[in-house]
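Listing of upload_37.cif; format and content: mmCIF, C-alpha atoms.
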data_coords
#
loop_
_atom_site.label_atom_id
_atom_site.label_comp_id
_atom_site.auth_asym_id
_atom_site.auth_seq_id
_atom_site.Cartn_x
_atom_site.Cartn_y
_atom_site.Cartn_z
CA MET A 1 -6.20 -20.07 30.31
CA VAL A 2 -6.46 -18.90 33.88
CA GLY A 3 -7.41 -15.29 34.45
CA ARG A 4 -7.40 -14.25 30.79
CA ASP A 5 -11.06 -14.76 29.87
CA GLY A 6 -11.61 -11.06 29.18
CA GLU A 7 -8.54 -10.68 27.00
CA LEU A 8 -9.27 -13.90 25.12
CA GLY A 9 -12.86 -12.77 24.62
CA GLU A 10 -11.63 -9.54 23.03
CA LEU A 11 -9.36 -11.46 20.68
CA LEU A 12 -12.14 -13.86 19.72
CA ALA A 13 -14.46 -10.91 19.05
CA GLY A 14 -11.71 -9.63 16.75
CA LEU A 15 -11.79 -12.94 14.88
CA ASP A 16 -15.56 -12.60 14.51
CA ASP A 17 -15.12 -9.06 13.19
CA ALA A 18 -12.50 -10.22 10.70
CA MET A 19 -14.85 -12.94 9.46
CA SER A 20 -17.37 -10.13 8.83
CA GLY A 21 -14.82 -8.09 6.86
CA ARG A 22 -13.74 -5.74 9.66
CA GLY A 23 -10.16 -6.48 10.63
CA ARG A 24 -8.77 -5.56 14.01
CA LEU A 25 -5.34 -4.92 15.44
CA PHE A 26 -4.34 -6.02 18.94
CA LEU A 27 -1.14 -5.26 20.81
CA LEU A 28 -0.43 -7.52 23.77
CA ALA A 29 2.12 -5.82 25.97
CA GLY A 30 3.35 -6.30 29.50
CA ASP A 31 6.04 -7.62 31.73
CA PRO A 32 7.80 -10.90 30.89
CA GLY A 33 6.04 -14.01 32.14
CA ILE A 34 2.48 -12.68 32.42
CA GLY A 35 1.10 -14.94 29.69
CA LYS A 36 1.23 -12.92 26.48
CA SER A 37 2.65 -15.80 24.45
CA ARG A 38 0.15 -18.25 25.91
CA LEU A 39 -2.70 -15.88 25.09
CA ALA A 40 -1.41 -15.40 21.53
CA ASP A 41 -1.06 -19.18 21.14
CA GLU A 42 -4.62 -19.74 22.31
CA ALA A 43 -6.00 -17.03 20.00
CA ALA A 44 -4.08 -18.59 17.09
CA ALA A 45 -5.47 -22.04 17.89
CA GLN A 46 -9.00 -20.63 18.03
CA ALA A 47 -8.39 -18.81 14.73
CA ARG A 48 -7.27 -22.04 13.05
CA ASP A 49 -10.37 -23.80 14.39
CA ARG A 50 -12.46 -21.04 12.78
CA GLY A 51 -10.80 -21.50 9.39
CA PHE A 52 -8.15 -18.77 9.54
CA LYS A 53 -4.69 -19.19 8.11
CA VAL A 54 -2.34 -18.13 10.92
CA ALA A 55 1.08 -16.73 10.06
CA TRP A 56 3.69 -15.99 12.72
CA GLY A 57 6.72 -13.74 12.56
CA ARG A 58 9.16 -13.40 15.42
CA CYS A 59 11.61 -10.60 16.02
CA TRP A 60 15.19 -11.65 16.55
CA GLU A 61 16.26 -10.36 19.94
CA ALA A 62 19.99 -10.97 19.50
CA GLY A 63 20.35 -8.38 16.73
CA GLY A 64 21.67 -8.82 13.22
CA ALA A 65 18.38 -9.94 11.68
CA PRO A 66 17.60 -8.82 8.14
CA ALA A 67 15.32 -5.84 7.63
CA TYR A 68 11.62 -6.62 8.05
CA TRP A 69 12.43 -10.00 9.61
CA PRO A 70 9.08 -10.68 11.37
CA TRP A 71 7.28 -9.69 8.16
CA VAL A 72 9.50 -11.96 6.07
CA GLN A 73 8.63 -14.91 8.30
CA SER A 74 4.89 -14.23 8.25
CA LEU A 75 4.89 -13.63 4.48
CA ARG A 76 6.76 -16.90 3.93
CA ALA A 77 4.00 -18.68 5.83
CA CYS A 78 1.44 -17.04 3.54
CA VAL A 79 3.38 -17.95 0.38
CA ARG A 80 3.89 -21.57 1.45
CA GLY A 81 1.51 -23.89 -0.36
CA LEU A 82 0.60 -21.47 -3.16
CA ASP A 83 1.26 -22.43 -6.75
CA GLY A 84 2.66 -19.93 -9.22
CA GLU A 85 -0.71 -18.87 -10.59
CA GLU A 86 -2.20 -18.24 -7.14
CA LEU A 87 0.90 -16.40 -5.94
CA GLN A 88 0.98 -14.16 -9.01
CA ALA A 89 -2.72 -13.39 -8.59
CA HIS A 90 -2.17 -12.43 -4.93
CA LEU A 91 0.92 -10.33 -5.65
CA GLY A 92 -0.11 -8.64 -8.88
CA ALA A 93 2.26 -5.85 -9.89
CA GLY A 94 3.84 -5.95 -6.42
CA ALA A 95 5.66 -9.25 -7.07
CA PRO A 96 9.07 -7.61 -7.73
CA PHE A 97 8.89 -5.69 -4.45
CA VAL A 98 7.87 -8.62 -2.26
CA ALA A 99 10.44 -10.85 -3.99
CA GLN A 100 13.15 -8.52 -2.65
CA ILE A 101 12.47 -9.67 0.91
CA VAL A 102 10.85 -13.11 0.41
CA ALA A 103 13.17 -15.29 -1.68
CA GLU A 104 10.49 -17.94 -2.11
CA VAL A 105 8.56 -15.58 -4.38
CA ALA A 106 11.39 -15.59 -6.93
CA GLU A 107 11.67 -19.39 -6.61
CA ILE A 108 7.98 -19.89 -7.40
CA LEU A 109 7.86 -17.08 -9.98
CA PRO A 110 11.26 -17.23 -11.72
CA ASP A 111 10.20 -14.65 -14.34
CA VAL A 112 9.87 -11.89 -11.73
CA ARG A 113 12.41 -9.18 -12.45
CA PRO A 114 13.84 -6.69 -9.97
CA PRO A 115 11.75 -3.55 -9.49
CA PRO A 116 12.67 -0.41 -11.38
CA PRO A 117 15.26 1.85 -9.75
CA MET A 118 13.80 4.40 -7.34
CA GLY A 119 14.75 6.26 -4.20
CA ALA A 120 14.73 4.62 -0.78
CA GLU A 121 11.46 6.24 0.33
CA GLY A 122 9.68 5.38 -2.91
CA GLY A 123 10.96 1.80 -2.78
CA ARG A 124 9.88 1.39 0.82
CA PHE A 125 6.42 2.79 0.03
CA ARG A 126 6.03 0.44 -2.93
CA LEU A 127 7.15 -2.52 -0.78
CA PHE A 128 4.62 -1.67 1.95
CA ASP A 129 1.89 -1.25 -0.64
CA ALA A 130 2.81 -4.56 -2.31
CA VAL A 131 2.75 -6.38 1.04
CA ALA A 132 -0.62 -4.83 1.93
CA THR A 133 -2.04 -5.86 -1.45
CA PHE A 134 -0.67 -9.38 -1.10
CA LEU A 135 -2.13 -9.83 2.39
CA ARG A 136 -5.49 -8.41 1.35
CA ASN A 137 -5.63 -10.75 -1.66
CA ALA A 138 -4.36 -13.72 0.35
CA GLY A 139 -7.17 -13.12 2.86
CA ALA A 140 -9.83 -13.16 0.14
CA GLY A 141 -10.23 -16.92 0.02
CA GLN A 142 -9.42 -17.66 3.64
CA PRO A 143 -9.32 -15.22 6.57
CA LEU A 144 -5.80 -14.48 7.73
CA MET A 145 -4.32 -13.78 11.15
CA LEU A 146 -0.80 -12.43 11.57
CA VAL A 147 1.00 -12.71 14.88
CA LEU A 148 4.22 -10.71 15.22
CA ASP A 149 6.07 -11.70 18.37
CA ASP A 150 8.67 -9.98 20.57
CA LEU A 151 8.16 -6.54 19.03
CA HIS A 152 10.25 -4.94 21.75
CA ALA A 153 13.28 -6.23 19.79
CA VAL A 154 12.42 -4.11 16.71
CA PRO A 155 14.90 -1.25 16.32
CA GLY A 156 13.12 2.03 17.04
CA CYS A 157 10.38 0.36 19.10
CA PRO A 158 8.68 3.01 21.26
CA ALA A 159 9.80 3.15 24.87
CA GLY A 160 7.58 1.20 27.19
CA VAL A 161 6.64 -1.52 24.69
CA THR A 162 8.06 -4.61 26.37
CA GLY A 163 7.49 -8.21 25.44
CA ALA A 164 4.86 -7.17 22.91
CA ARG A 165 2.91 -9.35 20.51
CA LEU A 166 0.86 -7.94 17.66
CA ILE A 167 -2.20 -9.93 16.65
CA TRP A 168 -3.91 -8.88 13.48
CA PRO A 169 -6.90 -10.83 12.16
CA TRP A 170 -8.59 -9.70 8.95
CA SER A 171 -10.21 -10.86 5.76
CA SER A 172 -10.71 -9.57 2.25
CA GLY A 173 -13.34 -7.05 3.33
CA GLU A 174 -10.75 -5.06 5.28
CA ARG A 175 -9.88 -1.83 3.53
CA ARG A 176 -6.95 -0.74 5.68
CA CYS A 177 -4.11 -3.20 5.74
CA PHE A 178 -1.36 -1.55 7.76
CA PRO A 179 -1.74 0.35 11.00
CA SER A 180 0.21 3.54 11.50
CA LEU A 181 3.01 1.72 13.32
CA ALA A 182 5.92 2.78 11.16
CA TRP A 183 8.43 1.35 13.62
CA LEU A 184 7.21 -2.18 12.81
CA MET A 185 8.54 -1.90 9.30
#

Encoded form using structure tokens:
Amino acid sequence: MVGRDGELGELLAGLDDAMSGRGRLFLLAGDPGIGKSRLADEAAAQARDRGFKVAWGRCWEAGGAPAYWPWVQSLRACVRGLDGEELQAHLGAGAPFVAQIVAEVAEILPDVRPPPPMGAEGGRFRLFDAVATFLRNAGAGQPLMLVLDDLHAVPGCPAGVTGARLIWPWSSGERRCFPSLAWLM
């Protein structure tokens, strides 16, 4: 990593904070080709070396991706390798909501029924809450780092966010699970 010691140091300090129960949120943004992906890759490798589970989600730049696509990919990575008992414990009452976007949940937990009918806003809130609960519980046994890549491709992304990567290390001690970045969801 040439010329990125400061940025990498900040990310590694974030990993240390997450290990201590204080999660952090990083947004890597800048022009194409300046090394954002390489920096994210290096931070992810360092996180794995420190015992973190690293889950990636990538935005689909060509359009037509399902809703919440980068979240679906990262949640799939978190679900992978869990047995039914572990998955149910991590999801709790949120299983029906997460199963709506992550088909693997219904495959592992075939008794999960669709959530009760509710309005769009209520359903979205319950989904976000269920995802936050799942990630918090999944990070209880092993610290977790999410990397969401190419955020500039998310519909409604704020102007000026180009080639962005979101890096989010945390563990079970973290109380807040989602930043106030509504456009990510």

Could you make a table, as JSON lines, of the residues of stretch 13-35 of chain A that have an atom within 12 Å of an atom of stretch 39-42 of chain A, each with its nearest atom pair and distance in Å to one decimal, counting all atoms listed in the file, in chain and number order?
{"residue": "A:Phe26", "atom": "CA", "partner": "A:Ala40", "partner_atom": "CA", "distance": 10.2}
{"residue": "A:Leu27", "atom": "CA", "partner": "A:Ala40", "partner_atom": "CA", "distance": 10.2}
{"residue": "A:Leu28", "atom": "CA", "partner": "A:Ala40", "partner_atom": "CA", "distance": 8.3}
{"residue": "A:Ala29", "atom": "CA", "partner": "A:Ala40", "partner_atom": "CA", "distance": 11.1}
{"residue": "A:Gly33", "atom": "CA", "partner": "A:Leu39", "partner_atom": "CA", "distance": 11.4}
{"residue": "A:Ile34", "atom": "CA", "partner": "A:Leu39", "partner_atom": "CA", "distance": 9.5}
{"residue": "A:Gly35", "atom": "CA", "partner": "A:Leu39", "partner_atom": "CA", "distance": 6.0}

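With all atoms listed in the file as the atoms that count, the residue of A:Ser37, A:Thr133, A:Ser74, A:Ser20 with the shortest distance to A:Lys53 is A:Ser74.
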
*Name every residue that the PyMOL selection byres ((chain A and resi 135) around 9) selects in this structure, writing the answer as an MDAnalysis selection string with chains first and numbers rising.*
chainID A and resid 75 78 90:91 130:134 136:140 144 171:172 177

*Distance query A:Ala95 at most 9 Å, all atoms listed in the file, self and fewer than 6 positions along chain excluded, as a PyMOL selection string*: chain A and resi 87-88+105-106+109+112-113+115+130+134

*Once the PyMOL selection byres ((chain A and resi 58-72) around 6) has been applied to the shown file, what residues remain in the selection, as a PyMOL selection string?*
chain A and resi 57+73-75+102+148-150+153+185

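Going from atom CA of A:Pro110 over to atom CA of A:Arg76, you cover 16.3 Å.
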
*Do you have the atom CA of A:Pro116-atom CA of A:Ala93 distance handy?*
11.8 Å

*asked:* One decimal, in Å: what's the spacing between atom CA of A:Arg80 and atom CA of A:Glu104?
replied: 8.3 Å

Taking every listed atom of stretch 93-108 of chain A and adding 6 Å to each side, what centre and edge lengths in Å (one decimal) does the axis-aligned box have, as lines of an AutoDock Vina configuration file?
center_x = 7.7
center_y = -12.8
center_z = -4.5
size_x = 22.9
size_y = 26.2
size_z = 22.8

Name the residues that the PyMOL selection byres ((chain A and resi 145) around 10) pulls out of this structure, and write them as a compact mmCIF listing (two decimals) with C-alpha atoms, keeping the file's coordinate frame.
# COMPACT_ATOMS: atom_id res chain seq x y z
CA LEU A 15 -11.79 -12.94 14.88
CA ALA A 18 -12.50 -10.22 10.70
CA GLY A 23 -10.16 -6.48 10.63
CA ARG A 24 -8.77 -5.56 14.01
CA LEU A 25 -5.34 -4.92 15.44
CA ALA A 43 -6.00 -17.03 20.00
CA ALA A 44 -4.08 -18.59 17.09
CA ALA A 47 -8.39 -18.81 14.73
CA ARG A 48 -7.27 -22.04 13.05
CA PHE A 52 -8.15 -18.77 9.54
CA LYS A 53 -4.69 -19.19 8.11
CA VAL A 54 -2.34 -18.13 10.92
CA ALA A 55 1.08 -16.73 10.06
CA TRP A 56 3.69 -15.99 12.72
CA SER A 74 4.89 -14.23 8.25
CA LEU A 135 -2.13 -9.83 2.39
CA GLY A 139 -7.17 -13.12 2.86
CA GLN A 142 -9.42 -17.66 3.64
CA PRO A 143 -9.32 -15.22 6.57
CA LEU A 144 -5.80 -14.48 7.73
CA LEU A 146 -0.80 -12.43 11.57
CA VAL A 147 1.00 -12.71 14.88
CA LEU A 148 4.22 -10.71 15.22
CA ILE A 167 -2.20 -9.93 16.65
CA TRP A 168 -3.91 -8.88 13.48
CA PRO A 169 -6.90 -10.83 12.16
CA TRP A 170 -8.59 -9.70 8.95
CA SER A 171 -10.21 -10.86 5.76

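For the residues A:Ala120, A:Gln46, A:Arg22, A:Leu127, ranking by smallest atom-to-atom distance to A:Gly9 using only C-alpha atoms places A:Gln46 first.
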
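Ranking A:Arg38, A:Pro117, A:Arg50, A:Gly94 by their shortest atom-to-atom distance to A:Met19, with only C-alpha atoms included, puts A:Arg50 first.
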
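You can rank A:Val98, A:Lys36, A:Gly122, A:Glu85 by their closest distance to A:Arg4 using all atoms listed in the file, and at the top of that list sits A:Lys36.
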